[in-house]
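J.: Here you go, input.csv (CSV, C-alpha atoms and all ligand atoms):
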chain,number,residue,atom,x,y,z
S,2,MET,CA,340.6,110.9,160.8
S,3,ASP,CA,341.8,107.8,159.0
S,4,GLU,CA,341.9,107.0,155.3
S,5,GLN,CA,338.9,104.7,155.3
S,6,SER,CA,336.6,107.2,157.1
S,7,LEU,CA,337.6,109.9,154.6
S,8,LYS,CA,336.9,107.6,151.7
S,9,ALA,CA,333.5,106.7,153.2
S,10,ARG,CA,332.5,110.4,152.9
S,11,LEU,CA,332.5,110.1,149.1
S,12,PRO,CA,329.5,108.8,147.2
S,13,ASP,CA,329.8,105.1,146.5
S,14,SER,CA,330.2,105.6,142.7
S,15,ILE,CA,333.3,107.7,143.4
S,16,ALA,CA,334.6,105.8,146.4
S,17,GLU,CA,334.9,102.7,144.3
S,18,ARG,CA,337.2,104.5,141.9
S,19,VAL,CA,339.6,105.5,144.7
S,20,ARG,CA,342.8,103.6,144.0
S,21,ASN,CA,344.9,105.0,146.8
S,22,ILE,CA,344.4,107.5,149.7
S,23,VAL,CA,347.1,108.7,152.1
S,24,VAL,CA,346.8,111.2,154.9
S,25,LYS,CA,349.9,112.8,156.3
S,26,GLU,CA,349.8,115.8,158.7
S,27,GLY,CA,346.4,116.9,157.5
S,28,ARG,CA,347.3,116.6,153.9
S,29,VAL,CA,345.3,114.1,151.9
S,30,THR,CA,346.6,112.6,148.6
S,31,LEU,CA,344.1,110.6,146.6
S,32,VAL,CA,344.4,108.7,143.4
S,33,LEU,CA,341.1,108.3,141.4
S,34,ASP,CA,340.5,106.2,138.4
S,35,ALA,CA,338.8,108.6,135.9
S,36,SER,CA,338.8,106.4,132.9
S,37,GLY,CA,335.8,106.7,130.7
S,38,PHE,CA,334.9,110.2,131.9
S,39,GLU,CA,334.7,113.1,129.5
S,40,PRO,CA,337.1,116.0,130.4
S,41,ASP,CA,334.2,118.2,131.8
S,42,ARG,CA,332.9,115.4,134.1
S,43,ARG,CA,336.5,114.7,135.2
S,44,SER,CA,337.1,118.2,136.4
S,45,GLY,CA,333.6,118.3,138.1
S,46,ILE,CA,334.4,115.1,140.0
S,47,GLU,CA,337.8,116.4,141.0
S,48,SER,CA,336.4,119.6,142.5
S,49,ALA,CA,333.6,117.6,144.3
S,50,VAL,CA,336.1,115.2,145.8
S,51,LYS,CA,338.3,118.1,147.0
S,52,GLU,CA,335.3,119.8,148.6
S,53,ILE,CA,333.9,116.7,150.4
S,54,ILE,CA,337.2,115.6,151.7
S,55,GLY,CA,338.3,119.1,152.5
S,56,GLU,CA,335.4,119.5,154.9
S,57,ALA,CA,336.6,116.8,157.2
S,58,ASP,CA,338.1,117.9,160.5
S,59,GLY,CA,341.8,118.3,160.5
S,60,VAL,CA,342.2,118.3,156.7
S,61,THR,CA,344.3,121.2,155.5
S,62,GLU,CA,344.9,120.2,151.9
S,63,VAL,CA,343.5,117.8,149.4
S,64,ARG,CA,345.4,116.6,146.3
S,65,VAL,CA,343.7,114.6,143.7
S,66,ALA,CA,345.5,112.7,141.0
S,67,MET,CA,343.0,111.7,138.2
S,68,MET,CA,344.2,108.6,136.3
S,69,ALA,CA,342.7,108.8,132.9
S,70,ASP,CA,342.9,106.3,130.2
S,71,LYS,CA,345.1,107.4,127.4
S,72,PRO,CA,343.0,108.3,124.4
S,73,ALA,CA,343.3,105.3,122.0
S,74,ALA,CA,345.4,106.2,119.0
S,75,PRO,CA,343.3,106.3,115.8
S,76,THR,CA,343.6,103.4,113.3
S,77,ILE,CA,345.7,104.7,110.4
S,78,ILE,CA,344.8,104.0,106.8
S,79,ALA,CA,347.3,105.2,104.2
S,80,VAL,CA,346.1,106.2,100.8
S,81,GLY,CA,349.0,106.1,98.3
S,82,SER,CA,349.7,106.1,94.6
S,83,GLY,CA,352.7,105.5,92.5
S,84,LYS,CA,352.4,108.8,90.6
S,85,GLY,CA,350.8,112.2,91.0
S,86,GLY,CA,347.5,113.4,89.7
S,87,VAL,CA,345.7,110.0,89.7
S,88,GLY,CA,343.1,111.1,92.3
S,89,LYS,CA,344.6,110.1,95.6
S,90,SER,CA,343.5,113.3,97.4
S,91,THR,CA,340.0,113.1,95.8
S,92,LEU,CA,339.7,109.4,96.9
S,93,THR,CA,340.9,110.2,100.5
S,94,ALA,CA,338.5,113.0,101.0
S,95,ASN,CA,335.5,111.2,99.6
S,96,LEU,CA,336.3,108.0,101.5
S,97,ALA,CA,336.5,110.1,104.7
S,98,VAL,CA,333.1,111.7,104.0
S,99,ALA,CA,331.6,108.3,103.1
S,100,LEU,CA,332.9,106.7,106.2
S,101,LYS,CA,331.6,109.6,108.3
S,102,ARG,CA,328.2,109.0,106.8
S,103,MET,CA,328.5,105.4,108.0
S,104,GLY,CA,328.9,106.7,111.6
S,105,LYS,CA,332.7,106.5,111.9
S,106,LYS,CA,334.7,109.3,113.5
S,107,VAL,CA,337.2,110.2,110.8
S,108,GLY,CA,340.2,112.5,110.5
S,109,VAL,CA,342.3,113.3,107.5
S,110,VAL,CA,346.0,114.0,107.3
S,111,ASP,CA,347.2,115.6,104.1
S,112,ALA,CA,350.8,114.6,104.0
S,113,ASP,CA,351.2,115.7,100.4
S,114,VAL,CA,353.9,118.2,101.0
S,115,TYR,CA,354.3,119.1,97.3
S,116,GLY,CA,350.6,119.6,96.5
S,117,PRO,CA,348.4,119.8,99.6
S,118,SER,CA,344.8,119.9,98.4
S,119,GLN,CA,342.7,118.8,101.4
S,120,PRO,CA,342.2,122.3,102.8
S,121,THR,CA,340.4,123.2,99.5
S,122,ILE,CA,338.4,120.0,99.4
S,123,PHE,CA,337.3,120.4,103.0
S,124,ASP,CA,336.9,124.2,102.6
S,125,ASN,CA,339.1,125.1,105.6
S,126,LYS,CA,341.9,126.8,103.6
S,127,GLY,CA,343.6,129.6,105.5
S,128,ALA,CA,342.8,128.1,108.9
S,129,LYS,CA,345.9,127.8,111.1
S,130,PRO,CA,346.0,124.9,113.5
S,131,GLU,CA,346.7,125.8,117.2
S,132,ALA,CA,349.3,123.9,119.2
S,133,ARG,CA,348.6,122.5,122.7
S,134,ASP,CA,351.2,120.8,124.8
S,135,GLU,CA,353.5,121.0,121.8
S,136,LYS,CA,351.1,119.1,119.6
S,137,LEU,CA,348.9,120.4,116.8
S,138,VAL,CA,345.1,120.6,117.2
S,139,PRO,CA,343.4,119.5,114.0
S,140,VAL,CA,341.3,122.0,112.0
S,141,PRO,CA,337.6,121.2,112.0
S,142,SER,CA,335.6,121.3,108.8
S,143,ARG,CA,331.8,121.7,108.3
S,144,HIS,CA,331.8,118.1,107.1
S,145,GLY,CA,332.4,116.9,110.6
S,146,ILE,CA,335.9,115.8,109.7
S,147,SER,CA,339.0,117.3,111.3
S,148,VAL,CA,341.9,117.9,108.9
S,149,LEU,CA,345.6,118.6,109.3
S,150,SER,CA,347.5,119.5,106.1
S,151,MET,CA,350.9,120.7,105.1
S,152,GLY,CA,348.8,123.4,103.5
S,153,HIS,CA,347.6,124.6,106.9
S,154,LEU,CA,351.2,125.0,108.1
S,155,VAL,CA,353.0,126.7,105.2
S,156,GLU,CA,352.1,129.1,102.4
S,157,PRO,CA,351.4,127.6,99.1
S,158,GLY,CA,354.5,126.7,97.2
S,159,GLN,CA,356.8,127.1,100.3
S,160,ALA,CA,357.1,123.4,101.0
S,161,LEU,CA,358.3,122.7,97.5
S,162,ALA,CA,361.9,123.4,98.6
S,163,TRP,CA,361.7,120.9,101.4
S,164,ARG,CA,363.8,117.8,101.2
S,165,GLY,CA,363.6,114.4,102.8
S,166,PRO,CA,363.8,114.5,106.5
S,167,MET,CA,362.0,117.9,106.8
S,168,ALA,CA,359.0,116.6,104.9
S,169,GLY,CA,359.1,113.4,107.0
S,170,ASN,CA,359.1,115.4,110.3
S,171,ALA,CA,356.3,117.6,109.2
S,172,MET,CA,354.2,114.6,108.3
S,173,ALA,CA,355.0,113.1,111.8
S,174,GLN,CA,353.7,116.3,113.4
S,175,LEU,CA,350.4,116.1,111.5
S,176,VAL,CA,349.8,112.4,112.5
S,177,ASP,CA,351.0,112.7,116.1
S,178,ALA,CA,348.4,115.4,116.9
S,179,HIS,CA,345.4,115.8,119.3
S,180,TRP,CA,343.0,113.7,117.3
S,181,GLY,CA,340.6,113.4,120.3
S,182,ASP,CA,337.9,110.8,119.6
S,183,VAL,CA,338.8,110.2,115.9
S,184,GLU,CA,338.9,106.4,115.3
S,185,LEU,CA,340.0,106.3,111.7
S,186,LEU,CA,342.8,108.5,110.4
S,187,LEU,CA,343.1,108.6,106.6
S,188,ILE,CA,346.5,109.7,105.4
S,189,ASP,CA,346.8,111.3,101.9
S,190,LEU,CA,350.4,110.5,101.1
S,191,PRO,CA,352.5,112.3,98.5
S,192,PRO,CA,352.9,110.3,95.3
S,193,GLY,CA,355.7,107.9,94.9
S,194,THR,CA,357.8,106.1,97.5
S,195,GLY,CA,359.9,108.8,99.1
S,196,ASP,CA,360.9,110.0,102.5
S,197,VAL,CA,357.4,110.8,103.8
S,198,GLN,CA,356.4,107.2,103.1
S,199,LEU,CA,359.5,105.8,104.8
S,200,THR,CA,359.0,108.0,107.9
S,201,MET,CA,355.4,106.9,108.1
S,202,LEU,CA,356.3,103.3,107.9
S,203,SER,CA,359.0,103.7,110.6
S,204,LYS,CA,357.0,105.9,113.0
S,205,PHE,CA,353.4,105.0,112.6
S,206,LYS,CA,352.6,101.6,111.1
S,207,PRO,CA,349.3,102.0,109.3
S,208,ALA,CA,346.7,99.3,109.8
S,209,GLY,CA,346.4,99.1,106.0
S,210,ALA,CA,346.9,100.9,102.7
S,211,VAL,CA,344.7,101.7,99.8
S,212,ILE,CA,346.4,102.3,96.5
S,213,VAL,CA,344.8,104.3,93.7
S,214,SER,CA,345.8,104.3,90.1
S,215,THR,CA,344.4,105.2,86.7
S,216,PRO,CA,344.0,102.3,84.3
S,217,GLN,CA,347.0,103.3,82.2
S,218,ASP,CA,350.0,100.9,82.1
S,219,LEU,CA,352.5,103.5,83.3
S,220,ALA,CA,350.4,104.5,86.3
S,221,LEU,CA,350.0,100.8,87.1
S,222,ILE,CA,353.7,100.1,87.1
S,223,ASP,CA,354.2,102.9,89.6
S,224,ALA,CA,351.2,101.7,91.7
S,225,GLN,CA,352.9,98.3,91.9
S,226,ARG,CA,356.1,100.0,93.2
S,227,ALA,CA,354.0,101.7,95.9
S,228,ALA,CA,352.4,98.4,96.8
S,229,ASN,CA,355.9,96.8,97.1
S,230,LEU,CA,356.9,99.6,99.6
S,231,PHE,CA,353.9,98.8,101.8
S,232,ASP,CA,354.7,95.1,101.5
S,233,SER,CA,358.2,95.6,102.6
S,234,GLY,CA,357.0,97.5,105.6
S,235,LYS,CA,354.5,94.7,106.4
S,236,VAL,CA,351.6,97.0,106.0
S,237,PRO,CA,348.6,95.0,104.6
S,238,ILE,CA,347.3,96.4,101.3
S,239,ILE,CA,343.5,96.6,101.6
S,240,GLY,CA,343.1,97.0,97.9
S,241,LEU,CA,343.5,98.8,94.7
S,242,VAL,CA,341.1,101.5,93.3
S,243,GLU,CA,340.8,102.3,89.7
S,244,ASN,CA,340.1,106.1,89.3
S,245,MET,CA,339.1,108.0,86.2
S,246,SER,CA,337.7,104.9,84.7
S,247,GLY,CA,335.0,105.5,82.0
S,248,TYR,CA,333.7,108.9,81.0
S,249,ALA,CA,329.9,109.2,80.4
S,250,CYS,CA,329.4,112.1,78.0
S,251,PRO,CA,327.0,114.5,79.8
S,252,SER,CA,325.1,115.3,76.6
S,253,CYS,CA,324.8,112.0,74.7
S,254,GLY,CA,325.5,109.5,77.6
S,255,GLU,CA,328.0,107.6,75.5
S,256,VAL,CA,330.8,106.1,77.7
S,257,SER,CA,334.4,106.4,76.5
S,258,ASN,CA,337.6,105.4,78.3
S,259,PRO,CA,340.2,108.2,77.9
S,260,PHE,CA,342.7,106.3,80.2
S,261,GLY,CA,341.5,102.8,79.3
S,262,THR,CA,339.5,100.7,81.7
S,263,GLY,CA,339.9,97.5,83.6
S,264,GLY,CA,343.7,97.7,83.9
S,265,VAL,CA,343.7,98.0,87.7
S,266,GLU,CA,341.3,95.0,88.1
S,267,ALA,CA,343.7,93.0,85.8
S,268,ALA,CA,346.6,94.1,88.0
S,269,SER,CA,344.7,93.1,91.1
S,270,ASP,CA,344.2,89.6,89.6
S,271,ALA,CA,347.8,89.3,88.7
S,272,THR,CA,349.1,90.4,92.1
S,273,ASP,CA,346.4,88.9,94.4
S,274,ILE,CA,345.8,92.4,95.8
S,275,PRO,CA,342.0,92.8,96.2
S,276,PHE,CA,340.2,95.1,93.8
S,277,LEU,CA,338.1,97.7,95.7
S,278,GLY,CA,336.3,99.3,92.9
S,279,ARG,CA,336.2,101.7,90.0
S,280,ILE,CA,335.5,105.5,90.1
S,281,PRO,CA,334.2,107.1,87.0
S,282,LEU,CA,335.8,110.1,85.4
S,283,ALA,CA,333.0,112.6,86.1
S,284,ILE,CA,332.9,116.4,86.1
S,285,ASP,CA,330.9,116.6,89.3
S,286,ILE,CA,333.6,114.7,91.2
S,287,ARG,CA,336.1,117.5,90.3
S,288,THR,CA,333.8,120.5,90.6
S,289,SER,CA,332.5,119.3,94.0
S,290,SER,CA,336.1,118.9,95.3
S,291,ASP,CA,337.0,122.4,94.0
S,292,ALA,CA,333.9,123.8,95.7
S,293,GLY,CA,334.8,122.3,99.1
S,294,GLU,CA,331.9,119.8,99.0
S,295,PRO,CA,333.2,116.2,98.5
S,296,LEU,CA,330.7,114.4,96.3
S,297,ALA,CA,330.4,111.5,98.7
S,298,GLY,CA,328.4,113.7,101.0
S,299,SER,CA,325.6,113.5,98.4
S,300,ASP,CA,323.5,110.8,96.9
S,301,SER,CA,324.5,111.6,93.4
S,302,PRO,CA,325.0,108.5,91.2
S,303,ASP,CA,328.7,109.3,90.8
S,304,ALA,CA,329.0,109.3,94.6
S,305,GLU,CA,327.9,105.6,94.7
S,306,ALA,CA,331.4,104.3,93.8
S,307,PHE,CA,332.9,106.1,96.9
S,308,HIS,CA,330.1,104.7,99.2
S,309,ALA,CA,330.7,101.2,97.9
S,310,ILE,CA,334.5,101.4,98.4
S,311,ALA,CA,334.1,102.9,101.9
S,312,GLY,CA,331.8,99.9,102.7
S,313,LYS,CA,334.5,97.5,101.6
S,314,LEU,CA,337.1,99.4,103.6
S,315,ALA,CA,334.9,99.3,106.8
S,316,ALA,CA,334.3,95.5,106.2
S,317,TRP,CA,338.1,95.0,106.0
S,318,LEU,CA,338.6,96.9,109.2
S,319,ASP,CA,336.1,94.7,111.0
S,320,ASN,CA,338.1,91.7,109.7
S,321,PRO,CA,341.6,92.8,108.8
S,322,VAL,CA,343.8,90.5,106.6
S,323,PRO,CA,347.4,90.5,107.7
S,324,ALA,CA,350.2,91.6,105.3
S,325,GLY,CA,351.1,89.0,102.7
S,326,ALA,CA,348.0,86.9,103.4
S,327,ASN,CA,346.1,87.7,100.2
Y,1,LIG,N1,337.2,110.6,89.1
Y,1,LIG,C1,337.5,111.8,88.8
Y,1,LIG,N2,336.7,112.5,87.9
Y,1,LIG,C2,337.0,113.8,87.6
Y,1,LIG,N3,338.0,114.5,88.1
Y,1,LIG,C3,338.8,113.8,89.0
Y,1,LIG,C4,338.6,112.5,89.4
Y,1,LIG,N4,339.5,112.2,90.3
Y,1,LIG,C5,340.3,113.2,90.5
Y,1,LIG,N5,339.9,114.2,89.7
Y,1,LIG,C6,340.5,115.6,89.5
Y,1,LIG,O1,341.8,115.4,89.0
Y,1,LIG,C7,342.7,116.3,89.6
Y,1,LIG,C8,343.8,115.5,90.4
Y,1,LIG,O2,343.2,114.7,91.4
Y,1,LIG,P1,343.9,114.6,92.9
Y,1,LIG,O3,344.4,116.0,93.3
Y,1,LIG,O4,342.9,113.9,93.7
Y,1,LIG,O5,345.1,113.7,92.5
Y,1,LIG,P2,346.3,113.3,93.4
Y,1,LIG,O6,346.7,112.0,93.0
Y,1,LIG,O7,346.1,113.6,94.8
Y,1,LIG,O8,347.3,114.4,92.9
Y,1,LIG,P3,348.6,115.0,93.6
Y,1,LIG,O9,349.6,114.0,93.4
Y,1,LIG,O10,348.9,116.2,92.8
Y,1,LIG,O11,348.3,115.2,95.0
Y,1,LIG,C9,341.9,117.1,90.6
Y,1,LIG,O12,341.5,118.3,89.9
Y,1,LIG,C10,340.7,116.3,90.8
Y,1,LIG,O13,339.5,117.1,91.1
So, in terms of structure tokens, how does the structure I just supplied come out?

T.:
Amino acid sequence: MDEQSLKARLPDSIAERVRNIVVKEGRVTLVLDASGFEPDRRSGIESAVKEIIGEADGVTEVRVAMMADKPAAPTIIAVGSGKGGVGKSTLTANLAVALKRMGKKVGVVDADVYGPSQPTIFDNKGAKPEARDEKLVPVPSRHGISVLSMGHLVEPGQALAWRGPMAGNAMAQLVDAHWGDVELLLIDLPPGTGDVQLTMLSKFKPAGAVIVSTPQDLALIDAQRAANLFDSGKVPIIGLVENMSGYACPSCGEVSNPFGTGGVEAASDATDIPFLGRIPLAIDIRTSSDAGEPLAGSDSPDAEAFHAIAGKLAAWLDNPVPAGAN
């Protein structure tokens, strides 16, 4: 019984994946390249190899080491804003749903320690993520998007007392989780430029960042500060989004601009950061989020803006522009 004759017992498709085989005193140790196989298939092949080799005369034990390719880490897109309440969580969730509709495998991390809202928007509030091998397993949602939120880990209000490093560490656990086949991970950051942002820049460099603002001057100044932070971390800014821009009165149709309009596009011109689009201030955007049905999952006219921005984001990902090259 030699190594080559043992290997020859295996079907060709498996034999060609044998990277090493050693026989010592009846004990066979075999290294098999299992890259590209789903976990179920992998364990099926492992048992088949053990059985076939184990039947050879003189073999007392078969050990199989399956070399698997490490799951590729998802591409991270950070969604930030200078200040709170400008619609960062709404944009993150709706972009996730719009990208999913385009066929992408998407996950969402809600790193907003102080006001986690993704469990409400994705209707998986109250679910507790399990841990496997000391990492969290994201919580599924019926929208086909897995989510991990500070809101899944702590009771509402509890995280408010957290300071700096604790919030940063919690965010790191949410990102460094079992994301499986997720290819795009959108991170809903807390507003501002605090510890969570700094931890993210130091531990997980996002492929790009989207910054959302309302058209008001004050929000814009803060948005610029958020942009500077990403710049300093050499994270490319994919673009700016103007939210709550233009309100169409549901009864008369007249459009008014409670927060002004066009300010973000003007800021984009002034800073050379691309402008990704404008989202109207619309009641159905808020009610659908509150009801756990992000509007981008529908074909409603107000969902259009999210689909268009998701399209631009996907185009950027196909052809990313490095930081500072705008
Ligand atoms: N375009 C919009 N039209 C109507 N309501 C909106 C729109 N965008 C956001 N909202 C509503 O405004 C509120 C704040 O939005 P959201 O929670 O997305 O902001 P945020 O920037 O993530 O806030 P926070 O900093 O508190 O996390 C929510 O009730 C949301 O449903």

J.: Of the candidates S:Pro75, S:Pro275, S:Pro192, S:Pro251, which one gets nearest to ligand LIG 1 (chain Y) if we count all atoms listed in the file?

T.: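 Closest candidate: S:Pro192.
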
J.: Which is closer to ligand LIG 1 (chain Y) than all the others in S:Gly247, S:Pro12, S:Gly312, S:Pro207, using all atoms listed in the file?

T.: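 Smallest distance to ligand LIG 1 (chain Y) is found for S:Gly247.
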
J.: Pick out the closest residue to S:Ala311 from this set: S:Thr30, S:Asn95, S:Thr61, S:Thr121. Count all atoms listed in the file.

T.: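 Smallest distance to S:Ala311 is found for S:Asn95.
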
J.: With only C-alpha atoms and all ligand atoms counted, collect every polymer residue having an atom within 7 Å of ligand LIG 1 (chain Y); state the result as a list of chain:residue names.

T.: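 Residues satisfying the distance criterion: S:Ser82, S:Lys84, S:Gly85, S:Gly86, S:Val87, S:Gly88, S:Lys89, S:Ser90, S:Thr91, S:Leu92, S:Asp113, S:Gly116, S:Pro117, S:Ser118, S:Pro191, S:Pro192, S:Asn244, S:Met245, S:Ile280, S:Pro281, S:Leu282, S:Ala283, S:Ile284, S:Asp285, S:Ile286, S:Arg287, S:Thr288, S:Ser290, S:Asp291.
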
J.: Could you work out how far atom CA of S:Asp273 lies from atom CA of S:Asn229, giving the answer in Å with one decimal?

T.: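 Separating atom CA of S:Asn229 from atom CA of S:Asp273 is a distance of 12.6 Å.
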
J.: Just to confirm, what's the straight-line distance from atom CA of S:Ala74 to atom CA of S:Pro130 in Å (one decimal)?

T.: 19.5 Å

J.: Please provide the set of residues having any atom within 9 Å of S:Arg64, restricted to only C-alpha atoms, with same-chain residues fewer than 4 positions apart removed, written as JSON, numbers by chain.

T.: {"S": [28, 29, 30, 31, 32, 51]}

J.: Which one of S:Glu156, S:Gly127, S:Ala297, S:Ser142 sits closest to S:Ala97 if you count only C-alpha atoms?

T.: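 Once distances to S:Ala97 are computed over only C-alpha atoms, the minimum belongs to S:Ala297.
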
J.: For a test of reading the model, state the distance in Å between atom CA of S:Ser301 and atom CA of S:Phe123, rounded to one decimal.

T.: 18.3 Å

J.: Which residue gives the smallest distance to S:Arg143 among S:Asp13, S:Asp111, S:Asp124, S:Asp196, with all atoms listed in the file counted?

T.: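 So, comparing all the options, the nearest one is S:Asp124.
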
J.: Go through S:Asn125, S:Asn170, S:Gln225, S:Thr215 and flag the residue nearest S:Ile274, using all atoms listed in the file for the distances.

T.: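 Of S:Asn125, S:Asn170, S:Gln225, S:Thr215, the one nearest S:Ile274, counting all atoms listed in the file, is S:Gln225.
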
J.: Report as a list in words all protein, DNA and RNA residues lying within 10 Å of S:Lys8, evaluated on all atoms listed in the file, omitting residues in the same chain fewer than 2 positions from it.

T.: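 Here the qualifying residues turn out to be Asp3, Glu4, Gln5, Ser6, Arg10, Leu11, Pro12, Asp13, Ile15, Ala16, Glu17, Val19, Asn21, Ile22, Leu31, Val50, Ile53 and Ile54 of chain S.
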
J.: Counting all atoms listed in the file, which residues come within 10 Å of (333.3, 97.2, 82.3), with the point read in the file's coordinates, and could you list them as a PyMOL selection string?

T.: chain S and resi 246-247+262-263+279
